[in-house]
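Trainee: Structure below; questions to follow.
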Amino acid sequence: MWHKLYFKKGGPPSGEVLLSFAVVADDYNFKRSLEKLKMENEVEMKEFGISMNILGLRGLQSPGILPVKKAFLQFALKSMVPPALGTNLENIRTEPRMAGTDPTLNTLIEFKAPLPVDVLFCPRLACSVFDNIAMGFSQPLIGTFTIPIGDLMHELAKERKEERKGKIS
């Protein structure tokens, strides 16, 4: 799916990111026990395995006078969980490799995170695209976008349930 980047809210798009995304329930061990993964209002949490295949960026526009050099993405994993659990997660980023406004990244990122089971409480993953100028001494923001993790998680669960029904019939 293509996600549009915006340098500022309400402004014109500053590029696009192509990535596929999957969220599946897992039984991995997290640094804290699942019994303790309860929010103050007793929201049920479950550990999920998350897999992202970042394919590329297209039509990037520099916010400054310099052209885009080597763009990279940063995923704010800590934005998905309560602050008490944020110490267990590290933000993830891709490496700035290909130069230009249309780099192909073809990067697979996998991680585990505790997420609310109820779709009402499921977070969105905040993502940013930065440029890497002068060997990283300057990293201006090109744009931001969000991934609706809860929606994707529940759509995938629904698809799997329908697939199982089809195999049984």
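Every chain in the structure tokens takes a letter, A first, then B, and so on in the order presented; its residues are numbered from 1, and the ligands are numbered from 1 following the presented order.
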Please list as a ChimeraX atom specification every residue within 7 Å of range 147-149 of chain A, counting only C-alpha atoms and excluding residues in the same chain fewer than 6 positions away.
Mentor: /A:122-126
Trainee: Identify, on the basis of only C-alpha atoms, every residue whose closest approach to range 105-108 of chain A does not exceed 6 Å; exclude the query and any residue fewer than 6 positions from it along the same chain; express the result as a JSON list (two decimals) with N, CA and C atoms, in the first residue's frame.
Mentor:
```
[["chain", "number", "residue", "atom", "x", "y", "z"],
["A", 52, "MET", "N", 7.13, -5.85, 8.47],
["A", 52, "MET", "CA", 6.98, -4.79, 7.47],
["A", 52, "MET", "C", 7.99, -5.00, 6.36],
["A", 53, "ASN", "N", 7.54, -4.94, 5.13],
["A", 53, "ASN", "CA", 8.44, -4.99, 3.99],
["A", 53, "ASN", "C", 8.40, -3.62, 3.33],
["A", 54, "ILE", "N", 9.40, -2.81, 3.57],
["A", 54, "ILE", "CA", 9.46, -1.46, 3.02],
["A", 54, "ILE", "C", 10.08, -1.56, 1.63],
["A", 55, "LEU", "N", 9.28, -1.28, 0.62],
["A", 55, "LEU", "CA", 9.73, -1.47, -0.75],
["A", 55, "LEU", "C", 10.44, -0.25, -1.31],
["A", 56, "GLY", "N", 9.89, 0.93, -1.11],
["A", 56, "GLY", "CA", 10.58, 2.09, -1.66],
["A", 56, "GLY", "C", 9.87, 3.39, -1.37]]
```
Trainee: Report as a PyMOL selection string: the residues of chain A with a DSSP assignment of helix (DSSP H, G or I), based on the backbone of this structure.
Mentor: chain A and resi 34-36+77-80+86-88+119-121+149-168
Trainee: Those selected residues, please, written with C-alpha atoms and delivered as an mmCIF file, in the first residue's frame.
Mentor:
```cif
data_model
loop_
_atom_site.group_PDB
_atom_site.id
_atom_site.type_symbol
_atom_site.label_atom_id
_atom_site.label_comp_id
_atom_site.auth_asym_id
_atom_site.auth_seq_id
_atom_site.Cartn_x
_atom_site.Cartn_y
_atom_site.Cartn_z
ATOM 1 C CA LEU A 34 1.541 -10.763 29.753
ATOM 2 C CA GLU A 35 -0.304 -10.716 33.092
ATOM 3 C CA LYS A 36 1.330 -7.350 33.826
ATOM 4 C CA LEU A 77 7.472 1.946 18.117
ATOM 5 C CA LYS A 78 7.216 3.633 21.494
ATOM 6 C CA SER A 79 4.192 5.554 20.181
ATOM 7 C CA MET A 80 2.187 2.306 20.115
ATOM 8 C CA GLY A 86 7.876 1.933 26.174
ATOM 9 C CA THR A 87 11.147 1.084 27.894
ATOM 10 C CA ASN A 88 10.934 -2.404 26.344
ATOM 11 C CA VAL A 119 -9.865 -2.501 18.125
ATOM 12 C CA LEU A 120 -11.041 0.631 19.963
ATOM 13 C CA PHE A 121 -7.716 0.873 21.828
ATOM 14 C CA ILE A 149 -2.134 -1.048 13.104
ATOM 15 C CA GLY A 150 -5.447 -1.901 14.775
ATOM 16 C CA ASP A 151 -7.354 -1.808 11.495
ATOM 17 C CA LEU A 152 -4.741 -3.962 9.747
ATOM 18 C CA MET A 153 -4.580 -6.401 12.660
ATOM 19 C CA HIS A 154 -8.345 -6.967 12.677
ATOM 20 C CA GLU A 155 -8.637 -7.137 8.867
ATOM 21 C CA LEU A 156 -5.963 -9.857 8.818
ATOM 22 C CA ALA A 157 -7.704 -11.791 11.618
ATOM 23 C CA LYS A 158 -10.979 -11.600 9.672
ATOM 24 C CA GLU A 159 -9.263 -12.846 6.480
ATOM 25 C CA ARG A 160 -7.686 -15.763 8.355
ATOM 26 C CA LYS A 161 -11.037 -16.685 9.909
ATOM 27 C CA GLU A 162 -12.689 -16.683 6.455
ATOM 28 C CA GLU A 163 -9.832 -18.766 5.016
ATOM 29 C CA ARG A 164 -10.291 -21.367 7.774
ATOM 30 C CA LYS A 165 -14.052 -21.475 7.098
ATOM 31 C CA GLY A 166 -13.363 -22.080 3.399
ATOM 32 C CA LYS A 167 -10.976 -24.965 4.113
ATOM 33 C CA ILE A 168 -13.426 -26.672 6.489
#
```
Trainee: List the neighbours of range 9-13 of chain A out to 9 Å using only C-alpha atoms; skip same-chain residues closer than 5 positions along the sequence, and give me the result as a list in words.
Mentor: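 Result of the neighbour search: Lys4, Leu60, Gln61 and Gly143 of chain A.
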Trainee: With C-alpha atoms retained, export the selected residues as a compact mmCIF listing (two decimals), in the first residue's frame.
Mentor:
```
# COMPACT_ATOMS: atom_id res chain seq x y z
CA LYS A 4 1.46 9.68 1.35
CA LEU A 60 10.31 12.81 -2.39
CA GLN A 61 10.54 16.56 -2.14
CA GLY A 143 7.42 13.97 5.80
```
Trainee: Of the candidates A:Ile133, A:Val68, A:Leu19, A:Leu141, which one gets nearest to Thr101 in chain A if we count only C-alpha atoms?
Mentor: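 Counting only C-alpha atoms, the residue closest to Thr101 in chain A is A:Val68.
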Trainee: In terms of the shortest atom-to-atom distance over only C-alpha atoms, which of A:Ala134, A:Trp2, A:Pro114, A:Lys70 is closest to Ala84 in chain A?
Mentor: A:Pro114
Trainee: Could you go through range 9-125 of chain A and tell me which residues DSSP, when run on the backbone, assigns to strand (DSSP E or B), listing them as an mmCIF file with N, CA, C and O atoms, in the first residue's frame?
Mentor:
```
data_model
loop_
_atom_site.group_PDB
_atom_site.id
_atom_site.type_symbol
_atom_site.label_atom_id
_atom_site.label_comp_id
_atom_site.auth_asym_id
_atom_site.auth_seq_id
_atom_site.Cartn_x
_atom_site.Cartn_y
_atom_site.Cartn_z
ATOM 1 N N PRO A 13 1.334 16.798 -0.403
ATOM 2 C CA PRO A 13 2.178 15.614 -0.172
ATOM 3 C C PRO A 13 3.631 15.911 -0.522
ATOM 4 O O PRO A 13 3.917 16.643 -1.460
ATOM 5 N N SER A 14 4.550 15.329 0.275
ATOM 6 C CA SER A 14 5.977 15.520 0.003
ATOM 7 C C SER A 14 6.626 14.222 -0.460
ATOM 8 O O SER A 14 7.826 14.061 -0.390
ATOM 9 N N GLY A 15 5.817 13.268 -0.901
ATOM 10 C CA GLY A 15 6.317 11.993 -1.401
ATOM 11 C C GLY A 15 5.409 10.860 -0.977
ATOM 12 O O GLY A 15 4.334 11.081 -0.408
ATOM 13 N N GLU A 16 5.848 9.618 -1.264
ATOM 14 C CA GLU A 16 5.078 8.432 -0.909
ATOM 15 C C GLU A 16 6.005 7.309 -0.466
ATOM 16 O O GLU A 16 7.160 7.255 -0.870
ATOM 17 N N VAL A 17 5.461 6.392 0.362
ATOM 18 C CA VAL A 17 6.194 5.213 0.820
ATOM 19 C C VAL A 17 5.369 3.997 0.431
ATOM 20 O O VAL A 17 4.162 3.955 0.673
ATOM 21 N N LEU A 18 6.011 2.993 -0.170
ATOM 22 C CA LEU A 18 5.343 1.745 -0.497
ATOM 23 C C LEU A 18 5.814 0.680 0.476
ATOM 24 O O LEU A 18 7.006 0.412 0.579
ATOM 25 N N LEU A 19 4.864 0.108 1.232
ATOM 26 C CA LEU A 19 5.230 -0.970 2.140
ATOM 27 C C LEU A 19 4.060 -1.896 2.360
ATOM 28 O O LEU A 19 2.911 -1.531 2.224
ATOM 29 N N SER A 20 4.385 -3.155 2.655
ATOM 30 C CA SER A 20 3.359 -4.115 3.043
ATOM 31 C C SER A 20 3.519 -4.338 4.532
ATOM 32 O O SER A 20 4.606 -4.187 5.087
ATOM 33 N N PHE A 21 2.432 -4.723 5.183
ATOM 34 C CA PHE A 21 2.430 -4.749 6.637
ATOM 35 C C PHE A 21 1.592 -5.911 7.124
ATOM 36 O O PHE A 21 0.515 -6.155 6.598
ATOM 37 N N ALA A 22 2.072 -6.672 8.096
ATOM 38 C CA ALA A 22 1.300 -7.762 8.685
ATOM 39 C C ALA A 22 1.471 -7.739 10.189
ATOM 40 O O ALA A 22 2.568 -7.505 10.701
ATOM 41 N N VAL A 23 0.379 -7.976 10.904
ATOM 42 C CA VAL A 23 0.398 -8.055 12.362
ATOM 43 C C VAL A 23 -0.268 -9.371 12.724
ATOM 44 O O VAL A 23 -1.427 -9.589 12.395
ATOM 45 N N VAL A 24 0.462 -10.261 13.383
ATOM 46 C CA VAL A 24 -0.101 -11.556 13.747
ATOM 47 C C VAL A 24 0.161 -11.858 15.208
ATOM 48 O O VAL A 24 1.187 -11.471 15.771
ATOM 49 N N ALA A 25 -0.783 -12.549 15.834
ATOM 50 C CA ALA A 25 -0.629 -12.924 17.238
ATOM 51 C C ALA A 25 0.494 -13.946 17.364
ATOM 52 O O ALA A 25 0.621 -14.850 16.551
ATOM 53 N N MET A 45 -4.253 -6.888 26.759
ATOM 54 C CA MET A 45 -3.116 -6.769 25.852
ATOM 55 C C MET A 45 -2.678 -8.167 25.433
ATOM 56 O O MET A 45 -2.832 -9.125 26.185
ATOM 57 N N LYS A 46 -2.120 -8.268 24.230
ATOM 58 C CA LYS A 46 -1.581 -9.534 23.734
ATOM 59 C C LYS A 46 -0.341 -9.213 22.919
ATOM 60 O O LYS A 46 -0.250 -8.157 22.291
ATOM 61 N N GLU A 47 0.609 -10.111 22.925
ATOM 62 C CA GLU A 47 1.836 -9.886 22.170
ATOM 63 C C GLU A 47 1.620 -10.283 20.714
ATOM 64 O O GLU A 47 1.075 -11.339 20.417
ATOM 65 N N PHE A 48 2.075 -9.423 19.789
ATOM 66 C CA PHE A 48 1.924 -9.657 18.365
ATOM 67 C C PHE A 48 3.277 -9.580 17.688
ATOM 68 O O PHE A 48 4.138 -8.800 18.086
ATOM 69 N N GLY A 49 3.453 -10.384 16.655
ATOM 70 C CA GLY A 49 4.615 -10.288 15.783
ATOM 71 C C GLY A 49 4.255 -9.376 14.631
ATOM 72 O O GLY A 49 3.196 -9.534 14.018
ATOM 73 N N ILE A 50 5.086 -8.394 14.341
ATOM 74 C CA ILE A 50 4.801 -7.409 13.299
ATOM 75 C C ILE A 50 5.906 -7.501 12.247
ATOM 76 O O ILE A 50 7.091 -7.535 12.572
ATOM 77 N N SER A 51 5.486 -7.549 11.003
ATOM 78 C CA SER A 51 6.414 -7.692 9.889
ATOM 79 C C SER A 51 6.112 -6.608 8.852
ATOM 80 O O SER A 51 4.968 -6.462 8.433
ATOM 81 N N MET A 52 7.135 -5.849 8.467
ATOM 82 C CA MET A 52 6.977 -4.793 7.467
ATOM 83 C C MET A 52 7.995 -4.999 6.355
ATOM 84 O O MET A 52 9.177 -5.194 6.635
ATOM 85 N N ASN A 53 7.542 -4.944 5.131
ATOM 86 C CA ASN A 53 8.443 -4.992 3.990
ATOM 87 C C ASN A 53 8.398 -3.620 3.331
ATOM 88 O O ASN A 53 7.434 -3.298 2.637
ATOM 89 N N ILE A 54 9.405 -2.814 3.565
ATOM 90 C CA ILE A 54 9.457 -1.462 3.018
ATOM 91 C C ILE A 54 10.077 -1.563 1.628
ATOM 92 O O ILE A 54 11.254 -1.897 1.491
ATOM 93 N N LEU A 55 9.279 -1.280 0.621
ATOM 94 C CA LEU A 55 9.735 -1.471 -0.753
ATOM 95 C C LEU A 55 10.445 -0.253 -1.312
ATOM 96 O O LEU A 55 11.492 -0.379 -1.930
ATOM 97 N N GLY A 56 9.893 0.928 -1.113
ATOM 98 C CA GLY A 56 10.577 2.094 -1.659
ATOM 99 C C GLY A 56 9.866 3.393 -1.369
ATOM 100 O O GLY A 56 8.783 3.424 -0.798
ATOM 101 N N LEU A 57 10.512 4.464 -1.755
ATOM 102 C CA LEU A 57 9.996 5.828 -1.616
ATOM 103 C C LEU A 57 9.938 6.435 -3.014
ATOM 104 O O LEU A 57 10.806 6.178 -3.843
ATOM 105 N N ARG A 58 8.909 7.231 -3.273
ATOM 106 C CA ARG A 58 8.773 7.840 -4.594
ATOM 107 C C ARG A 58 8.380 9.306 -4.473
ATOM 108 O O ARG A 58 7.628 9.696 -3.594
ATOM 109 N N ALA A 71 17.398 9.176 1.619
ATOM 110 C CA ALA A 71 16.280 9.158 2.567
ATOM 111 C C ALA A 71 16.236 7.844 3.352
ATOM 112 O O ALA A 71 16.697 6.805 2.879
ATOM 113 N N PHE A 72 15.679 7.925 4.564
ATOM 114 C CA PHE A 72 15.451 6.737 5.382
ATOM 115 C C PHE A 72 14.173 6.928 6.183
ATOM 116 O O PHE A 72 13.699 8.044 6.369
ATOM 117 N N LEU A 73 13.594 5.821 6.635
ATOM 118 C CA LEU A 73 12.361 5.847 7.426
ATOM 119 C C LEU A 73 12.667 5.555 8.876
ATOM 120 O O LEU A 73 13.574 4.762 9.181
ATOM 121 N N GLN A 74 11.898 6.162 9.764
ATOM 122 C CA GLN A 74 11.992 5.877 11.202
ATOM 123 C C GLN A 74 10.592 5.540 11.704
ATOM 124 O O GLN A 74 9.642 6.269 11.430
ATOM 125 N N PHE A 75 10.479 4.425 12.431
ATOM 126 C CA PHE A 75 9.208 3.966 12.973
ATOM 127 C C PHE A 75 9.226 4.159 14.490
ATOM 128 O O PHE A 75 10.079 3.595 15.175
ATOM 129 N N ALA A 76 8.300 4.948 14.999
ATOM 130 C CA ALA A 76 8.236 5.277 16.426
ATOM 131 C C ALA A 76 7.460 4.190 17.169
ATOM 132 O O ALA A 76 6.279 4.343 17.475
ATOM 133 N N ILE A 92 12.745 1.950 15.454
ATOM 134 C CA ILE A 92 13.477 1.265 14.375
ATOM 135 C C ILE A 92 13.568 2.198 13.179
ATOM 136 O O ILE A 92 12.649 2.960 12.905
ATOM 137 N N ARG A 93 14.681 2.099 12.452
ATOM 138 C CA ARG A 93 14.828 2.886 11.233
ATOM 139 C C ARG A 93 15.522 2.067 10.158
ATOM 140 O O ARG A 93 16.247 1.117 10.455
ATOM 141 N N THR A 104 14.727 2.753 -3.942
ATOM 142 C CA THR A 104 14.146 1.453 -3.650
ATOM 143 C C THR A 104 14.865 0.923 -2.413
ATOM 144 O O THR A 104 16.077 0.754 -2.426
ATOM 145 N N LEU A 105 14.121 0.670 -1.336
ATOM 146 C CA LEU A 105 14.735 0.256 -0.075
ATOM 147 C C LEU A 105 14.734 -1.262 0.098
ATOM 148 O O LEU A 105 15.678 -1.831 0.602
ATOM 149 N N ASN A 106 13.638 -1.921 -0.259
ATOM 150 C CA ASN A 106 13.502 -3.366 -0.157
ATOM 151 C C ASN A 106 14.078 -3.898 1.153
ATOM 152 O O ASN A 106 15.019 -4.670 1.176
ATOM 153 N N THR A 107 13.498 -3.445 2.260
ATOM 154 C CA THR A 107 13.976 -3.786 3.599
ATOM 155 C C THR A 107 12.872 -4.474 4.387
ATOM 156 O O THR A 107 11.742 -4.001 4.421
ATOM 157 N N LEU A 108 13.199 -5.590 5.022
ATOM 158 C CA LEU A 108 12.245 -6.308 5.865
ATOM 159 C C LEU A 108 12.563 -6.001 7.320
ATOM 160 O O LEU A 108 13.700 -6.143 7.761
ATOM 161 N N ILE A 109 11.539 -5.550 8.058
ATOM 162 C CA ILE A 109 11.691 -5.255 9.478
ATOM 163 C C ILE A 109 10.673 -6.096 10.234
ATOM 164 O O ILE A 109 9.487 -6.089 9.895
ATOM 165 N N GLU A 110 11.141 -6.824 11.239
ATOM 166 C CA GLU A 110 10.257 -7.642 12.067
ATOM 167 C C GLU A 110 10.524 -7.339 13.531
ATOM 168 O O GLU A 110 11.681 -7.167 13.928
ATOM 169 N N PHE A 111 9.448 -7.252 14.316
ATOM 170 C CA PHE A 111 9.591 -7.024 15.748
ATOM 171 C C PHE A 111 8.348 -7.531 16.454
ATOM 172 O O PHE A 111 7.349 -7.871 15.818
ATOM 173 N N LYS A 112 8.412 -7.601 17.770
ATOM 174 C CA LYS A 112 7.289 -8.029 18.600
ATOM 175 C C LYS A 112 6.875 -6.859 19.481
ATOM 176 O O LYS A 112 7.721 -6.094 19.937
ATOM 177 N N ALA A 113 5.556 -6.744 19.711
ATOM 178 C CA ALA A 113 5.065 -5.661 20.560
ATOM 179 C C ALA A 113 3.751 -6.066 21.212
ATOM 180 O O ALA A 113 2.939 -6.745 20.588
ATOM 181 N N PRO A 114 3.543 -5.644 22.460
ATOM 182 C CA PRO A 114 2.248 -5.881 23.108
ATOM 183 C C PRO A 114 1.247 -4.838 22.618
ATOM 184 O O PRO A 114 1.536 -3.650 22.614
ATOM 185 N N LEU A 115 0.086 -5.307 22.150
ATOM 186 C CA LEU A 115 -0.936 -4.403 21.631
ATOM 187 C C LEU A 115 -2.286 -4.733 22.254
ATOM 188 O O LEU A 115 -2.540 -5.883 22.599
ATOM 189 N N PRO A 116 -3.166 -3.754 22.374
ATOM 190 C CA PRO A 116 -4.510 -4.021 22.886
ATOM 191 C C PRO A 116 -5.274 -4.931 21.919
ATOM 192 O O PRO A 116 -5.152 -4.801 20.702
ATOM 193 N N LEU A 125 0.814 3.480 14.222
ATOM 194 C CA LEU A 125 2.271 3.564 14.247
ATOM 195 C C LEU A 125 2.694 4.848 13.551
ATOM 196 O O LEU A 125 2.397 5.055 12.369
#
```
Trainee: Hey, can you check how far CA of Asp131 in chain A sits from CA of Ala99 in chain A?
Mentor: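 Going from CA of Asp131 in chain A over to CA of Ala99 in chain A covers 9.7 Å.
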Trainee: Could you tell me how far CA of Pro140 in chain A lies from CA of Glu95 in chain A, in Å and to one decimal?
Mentor: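 Taking CA of Pro140 in chain A as the start and CA of Glu95 in chain A as the end point, the length is 15.1 Å.
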